[in-house]
Each structure stands twice: as structure tokens, then as C-alpha cells.
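What follows is a single structure, written as C-alpha cells, with notes after it.
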Amino acid sequence: MERGALGMSGAALGSGSFVGKGIVSKLSKFSQEVPISSSSGKTKICQVRAVSTDSSKTGHRGRREQNVDGEFYVDRSCIDCDTCRWMAPDVFRRAGEQSAVYNQPSTPESRLRSLQALVSCPTGSIRTVTPSKDVLQAQDTFPLPIHEDLRGVYHCGFHSEKSFAASSYFIQRQDGNILVDSPRFSERLAKRLEELGGVRYMFLTHKDDVADHKRWQKRFNCERILHAIEVVPDTAEVEMKLEGTGPWTLGDDVELIFTPGHTRGHVCLFLKDRGAMFSGDHMGASMENEMFLDTVHNWFSVEKQLESFEALTSYNFTWLLPGHGRRLKFQDVDEKNAAIRKVVNDHRGLSSGRWN
Ligand code: SF4
């Protein structure tokens, strides 16, 4: 899309506490929907029940010995993305450089959270000893409302290994619902999104987190938005290509902010009326629930990323919804800005720098 076509409005923490984003393991059987290609060339969606495995099995799909005994366990294919640990912190935790079950779920709520984590796991690494009949019910709970104070904003679950396990979000709004980055394609999820009004736009923060964008576009006939710099052959047919440095608007309530650094053409989405910043891989939150700049997976320029961090002090948001890591809710804009300044100062080695 040409600059302005959307409506132009004018114009780190220490590494090591984030996720194993760069680790790639092969997808295996998931306890959920899988696409099957038929001889006619058409794709069908089949339901696959939770996978029952021999818990003594060794190798890639074997049960990690760090799991406690019981029904749920994490196998050795875990890529340490952290998702299960923030979705069901009472059940999953980090043990070594992978997740493990440290408490078996003991209440219906805890079991549901564990199954939601199982559905969301990008590598199908969460398993049950016997097929779990309620996994399909857990699938139907997505998208999950994020918080009562953040109306109409949902976590899609169904993380994809193709997007290095990134979270995607669904935003309900008057001028057309938005899918922020791409979840793994699931017809069950698509039906739920349809019930919530469907998808008019699919906003892609940058080239890494596009996963099944083609299937979502086909399912909803939505318009995909991506900065032109981020376009690669796989995304060449994206409907709207942002040009220049913006900002761009999408109605009165959404501003798209150019935030180069992680990649050359990264863009964040600011949902103004709800004070929420969807930060993709630009700005994250660590396992210690602190704002985070990931220098390990920086593909362009850390210095540019720091400049883009600084620029976000002029935006009034208190919710940070990142592609990787945990969500943050700040008490107010001052607290958010203090967190940004801390990251910038820490990375620049400033104890009292220009921000103080
Ligand atoms: S969600 Fe899956 S891949 Fe991610 S940390 Fe948990 S078990 Fe590992």
C-alpha cells in the first residue's frame, strides 16, 4: 500500500531470560486439527485426538524426566518458548532449557488452562498419557479474552512454530476486526472468530510472524497489512504494503507505528481507545515480567531498536501485548515510560543518562 492509503495522521534486559525462539524442531502429531491433502488436491481438516504415547519412550518425543508423574507431561521436542508457563503457571515451569510439568492439574480450572496450553504449544510438545476427551472443548474456548479491562481484545492461542511461537491477537472494533500476526490455522478457531464478527484486516508486525497468513486471508478474505520492506516472496501478494515511515492510521482508533530495529521494517499497532500497544518482536516482556529488548534475535540494528523504544514514550498506552513473552499492564503511562527508560539506559550502560 502506498504511504497514506490507510489514512496518514501526519507525519532489554539481559538476554538469557527470554525464549528459545531460534530453536527449531520438527512438527509432529498435534492433539488438534491437522490439514490433510486429498488426492483431489483439496485440503480437508481432520480432528486428531490427544496423542497417547508410551511414557517410557525415548528420543525426540519421549517424556522429559523432569516432569512429575501423572497424566500431563512435556516431551523432549519443547523449544522453550515460555507459552505454557504463562498460560498455566501452576502446572508448567522451566527445568533446564525446556518446560516440564511440576504440578499435575488438580482442579477443573487448572485442567482447562493446561489443555489450553497444550492447544497453544507450537510444537505439540505437551502431551497426555491417554487421549484427553476434553481437548476439543479446550480448543473451542479460543480466542481467550485477555482481561476485563481490555474489552474486545483476545489471545488467539494456536501458536505456530512457523512464527517461532509468537502470540497472535484478535481485536474487535467498529471499523473492522483485526488479527494481529498469524496464529496456526485452525478451522475451529476460524469459526469462533466468525462468531465474533470475522476478520477484516490481518496486521503483520514484520516478516517473521506471518505463519499461516495465506490460509487466514483465504478464509476471511481479509486485507493483510505489512511494511513493504518486510515483504518476501511468501508475502508478495499482501494486499496493503506500507511505504515510508508513517505513522499510518486505520480509522480513528488504530495507529501503526514504524519501529525499525528488530527488523528493518518492523511496525507496531497502537489501539488508542484501549491504551494497548501490540509490539510484535519490537518490545517484549521477560519471564520476570519486565520489559525486554531481545538482542539475541535482533536481525537489523540494536541501536535502531533502542531509538524505536524511546519513540514509544510519546504514546499513551498501559498495556503491552508482545509477540513473544508475557503481557505487561502498567499502572499508568509514567510507569510505562520508566520501564522504557530503564531498558534504554541499561543497554546504553547509563546509570543516569539523558532520560534522568
Ligand atoms: S508451549 Fe510447548 S514449546 Fe513452548 S515452552 Fe511449553 S512445552 Fe515448550
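Chain labels follow the order of the C-alpha cells: the first chain is A, the next B, and so on; residue numbering restarts at 1 in every chain, and ligands are counted from 1 in their shown order.
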
Write down as a ChimeraX atom specification the residues of stretch 53-131 of chain A whose backbone DSSP state falls under helix (DSSP H, G or I).
/A:83-87,108-120

Could you write those residues out with N, CA and C atoms, as a CSV table (one decimal), in the first residue's frame?
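Below is the file out38.csv, written as the result:
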chain,number,residue,atom,x,y,z
A,83,THR,N,5.4,-20.2,26.5
A,83,THR,CA,3.9,-20.0,26.4
A,83,THR,C,3.2,-20.8,27.5
A,84,CYS,N,3.5,-22.1,27.6
A,84,CYS,CA,2.7,-22.9,28.6
A,84,CYS,C,2.9,-22.3,30.0
A,85,ARG,N,4.1,-21.7,30.3
A,85,ARG,CA,4.4,-21.3,31.6
A,85,ARG,C,3.7,-20.0,32.0
A,86,TRP,N,3.3,-19.2,31.0
A,86,TRP,CA,2.5,-18.0,31.4
A,86,TRP,C,1.0,-18.4,31.2
A,87,MET,N,0.7,-19.4,30.4
A,87,MET,CA,-0.7,-19.7,30.3
A,87,MET,C,-1.2,-20.6,31.5
A,108,PRO,N,-10.7,-28.3,37.9
A,108,PRO,CA,-11.2,-28.2,36.5
A,108,PRO,C,-10.6,-27.0,35.8
A,109,GLU,N,-10.4,-25.9,36.6
A,109,GLU,CA,-9.9,-24.6,36.0
A,109,GLU,C,-8.4,-24.9,35.6
A,110,SER,N,-7.7,-25.5,36.5
A,110,SER,CA,-6.3,-25.8,36.2
A,110,SER,C,-6.2,-26.8,35.0
A,111,ARG,N,-7.0,-27.7,34.9
A,111,ARG,CA,-7.0,-28.7,33.8
A,111,ARG,C,-7.3,-28.0,32.5
A,112,LEU,N,-8.3,-27.0,32.5
A,112,LEU,CA,-8.6,-26.3,31.3
A,112,LEU,C,-7.4,-25.5,30.9
A,113,ARG,N,-6.8,-24.8,31.8
A,113,ARG,CA,-5.6,-24.0,31.4
A,113,ARG,C,-4.5,-24.8,30.8
A,114,SER,N,-4.3,-26.0,31.4
A,114,SER,CA,-3.3,-27.0,30.9
A,114,SER,C,-3.6,-27.4,29.5
A,115,LEU,N,-4.9,-27.7,29.2
A,115,LEU,CA,-5.3,-28.1,27.9
A,115,LEU,C,-5.2,-26.9,26.9
A,116,GLN,N,-5.5,-25.7,27.4
A,116,GLN,CA,-5.3,-24.5,26.5
A,116,GLN,C,-3.9,-24.3,26.2
A,117,ALA,N,-3.0,-24.6,27.1
A,117,ALA,CA,-1.5,-24.6,26.8
A,117,ALA,C,-1.2,-25.6,25.8
A,118,LEU,N,-1.7,-26.8,26.0
A,118,LEU,CA,-1.5,-27.9,25.1
A,118,LEU,C,-1.9,-27.5,23.6
A,119,VAL,N,-3.0,-26.9,23.5
A,119,VAL,CA,-3.5,-26.4,22.2
A,119,VAL,C,-2.6,-25.4,21.6
A,120,SER,N,-2.1,-24.5,22.5
A,120,SER,CA,-1.3,-23.4,22.0
A,120,SER,C,0.2,-23.7,21.8

Excluding A:Thr263 and its own-chain neighbours fewer than 6 positions away, which residues fall within 12 Å of it when counting only C-alpha atoms? Please give them as a PyMOL selection string.
chain A and resi 205-209+227+229-231+280-282+294-295+297-305+308

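Note that the spacing between atom CA of A:Ile79 and atom CA of A:Ile146 amounts to 24.3 Å.
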
Give as a PDB file with N, CA and C atoms, in the first residue's frame the residues surrounding ligand 1 up to a distance of 8 Å, considering only C-alpha atoms and all ligand atoms.
ATOM      1  N   VAL A  74       5.589 -32.906  29.378  1.00  0.00           N
ATOM      2  CA  VAL A  74       6.242 -32.220  28.254  1.00  0.00           C
ATOM      3  C   VAL A  74       7.283 -33.168  27.686  1.00  0.00           C
ATOM      4  N   ASP A  75       7.318 -33.268  26.367  1.00  0.00           N
ATOM      5  CA  ASP A  75       8.316 -34.164  25.765  1.00  0.00           C
ATOM      6  C   ASP A  75       9.577 -33.390  25.365  1.00  0.00           C
ATOM      7  N   SER A  77      10.751 -32.414  22.665  1.00  0.00           N
ATOM      8  CA  SER A  77      10.749 -31.526  21.497  1.00  0.00           C
ATOM      9  C   SER A  77      10.474 -30.071  21.876  1.00  0.00           C
ATOM     10  N   CYS A  78      10.262 -29.805  23.159  1.00  0.00           N
ATOM     11  CA  CYS A  78       9.970 -28.429  23.620  1.00  0.00           C
ATOM     12  C   CYS A  78      11.048 -27.458  23.131  1.00  0.00           C
ATOM     13  N   ILE A  79      10.606 -26.308  22.613  1.00  0.00           N
ATOM     14  CA  ILE A  79      11.573 -25.294  22.146  1.00  0.00           C
ATOM     15  C   ILE A  79      11.694 -24.127  23.136  1.00  0.00           C
ATOM     16  N   ASP A  80      11.183 -24.320  24.351  1.00  0.00           N
ATOM     17  CA  ASP A  80      11.411 -23.348  25.427  1.00  0.00           C
ATOM     18  C   ASP A  80      10.833 -21.976  25.089  1.00  0.00           C
ATOM     19  N   CYS A  81       9.611 -21.985  24.517  1.00  0.00           N
ATOM     20  CA  CYS A  81       9.030 -20.706  24.086  1.00  0.00           C
ATOM     21  C   CYS A  81       8.347 -19.960  25.221  1.00  0.00           C
ATOM     22  N   ASP A  82       8.126 -20.624  26.347  1.00  0.00           N
ATOM     23  CA  ASP A  82       7.572 -19.979  27.555  1.00  0.00           C
ATOM     24  C   ASP A  82       6.041 -19.927  27.571  1.00  0.00           C
ATOM     25  N   THR A  83       5.401 -20.237  26.456  1.00  0.00           N
ATOM     26  CA  THR A  83       3.944 -20.037  26.362  1.00  0.00           C
ATOM     27  C   THR A  83       3.187 -20.790  27.452  1.00  0.00           C
ATOM     28  N   CYS A  84       3.472 -22.075  27.619  1.00  0.00           N
ATOM     29  CA  CYS A  84       2.726 -22.857  28.615  1.00  0.00           C
ATOM     30  C   CYS A  84       2.943 -22.310  30.017  1.00  0.00           C
ATOM     31  N   ARG A  85       4.096 -21.735  30.251  1.00  0.00           N
ATOM     32  CA  ARG A  85       4.428 -21.281  31.604  1.00  0.00           C
ATOM     33  C   ARG A  85       3.658 -20.032  31.995  1.00  0.00           C
ATOM     34  N   PHE A  92       3.098 -25.708  34.685  1.00  0.00           N
ATOM     35  CA  PHE A  92       4.340 -25.798  33.905  1.00  0.00           C
ATOM     36  C   PHE A  92       5.391 -24.841  34.456  1.00  0.00           C
ATOM     37  N   ARG A  94       9.957 -23.964  34.026  1.00  0.00           N
ATOM     38  CA  ARG A  94      11.185 -24.250  33.283  1.00  0.00           C
ATOM     39  C   ARG A  94      12.046 -25.191  34.108  1.00  0.00           C
ATOM     40  N   GLN A  98      14.133 -26.326  28.956  1.00  0.00           N
ATOM     41  CA  GLN A  98      12.830 -26.710  28.407  1.00  0.00           C
ATOM     42  C   GLN A  98      11.795 -26.647  29.522  1.00  0.00           C
ATOM     43  N   SER A  99      10.533 -26.800  29.143  1.00  0.00           N
ATOM     44  CA  SER A  99       9.472 -26.814  30.152  1.00  0.00           C
ATOM     45  C   SER A  99       9.252 -28.222  30.679  1.00  0.00           C
ATOM     46  N   ALA A 100       8.572 -28.280  31.827  1.00  0.00           N
ATOM     47  CA  ALA A 100       8.185 -29.560  32.423  1.00  0.00           C
ATOM     48  C   ALA A 100       6.950 -29.325  33.288  1.00  0.00           C
ATOM     49  N   ALA A 117      -2.979 -24.623  27.111  1.00  0.00           N
ATOM     50  CA  ALA A 117      -1.536 -24.560  26.830  1.00  0.00           C
ATOM     51  C   ALA A 117      -1.151 -25.642  25.820  1.00  0.00           C
ATOM     52  N   LEU A 118      -1.741 -26.834  25.991  1.00  0.00           N
ATOM     53  CA  LEU A 118      -1.478 -27.937  25.050  1.00  0.00           C
ATOM     54  C   LEU A 118      -1.872 -27.522  23.626  1.00  0.00           C
ATOM     55  N   SER A 120      -2.081 -24.517  22.502  1.00  0.00           N
ATOM     56  CA  SER A 120      -1.266 -23.380  22.049  1.00  0.00           C
ATOM     57  C   SER A 120       0.184 -23.745  21.769  1.00  0.00           C
ATOM     58  N   CYS A 121       0.663 -24.812  22.355  1.00  0.00           N
ATOM     59  CA  CYS A 121       2.070 -25.190  22.181  1.00  0.00           C
ATOM     60  C   CYS A 121       2.415 -25.313  20.688  1.00  0.00           C
ATOM     61  N   PRO A 122       3.403 -24.572  20.223  1.00  0.00           N
ATOM     62  CA  PRO A 122       3.700 -24.555  18.784  1.00  0.00           C
ATOM     63  C   PRO A 122       4.269 -25.852  18.251  1.00  0.00           C
ATOM     64  N   THR A 123       4.799 -26.683  19.121  1.00  0.00           N
ATOM     65  CA  THR A 123       5.459 -27.903  18.650  1.00  0.00           C
ATOM     66  C   THR A 123       4.755 -29.178  19.110  1.00  0.00           C
ATOM     67  N   GLY A 124       3.574 -29.036  19.686  1.00  0.00           N
ATOM     68  CA  GLY A 124       2.862 -30.232  20.152  1.00  0.00           C
ATOM     69  C   GLY A 124       3.651 -30.992  21.208  1.00  0.00           C
ATOM     70  N   SER A 125       4.398 -30.240  22.012  1.00  0.00           N
ATOM     71  CA  SER A 125       5.286 -30.894  22.982  1.00  0.00           C
ATOM     72  C   SER A 125       4.599 -31.234  24.295  1.00  0.00           C
ATOM     73  N   ILE A 126       3.377 -30.727  24.488  1.00  0.00           N
ATOM     74  CA  ILE A 126       2.635 -31.050  25.710  1.00  0.00           C
ATOM     75  C   ILE A 126       1.723 -32.220  25.389  1.00  0.00           C
ATOM     76  N   ALA A 165       6.729 -19.433  17.461  1.00  0.00           N
ATOM     77  CA  ALA A 165       5.867 -19.490  18.662  1.00  0.00           C
ATOM     78  C   ALA A 165       5.255 -18.160  19.060  1.00  0.00           C
TER      79      ALA A 165
END

Rounded to one decimal place, report the atom CA of A:Gly62-atom CA of A:Ala211 distance in Å.
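About the pair atom CA of A:Gly62 and atom CA of A:Ala211: they are 26.6 Å apart.
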
Contact residues around A:Asn221 with only C-alpha atoms at 12 Å, ignoring same-chain residues under 3 positions, as number ranges by chain
A: 194, 198-202, 213-218, 224, 238-239

What separation in Å, quoted to one decimal, exists between atom CA of A:Arg219 and atom CA of A:Arg127?
29.2 Å
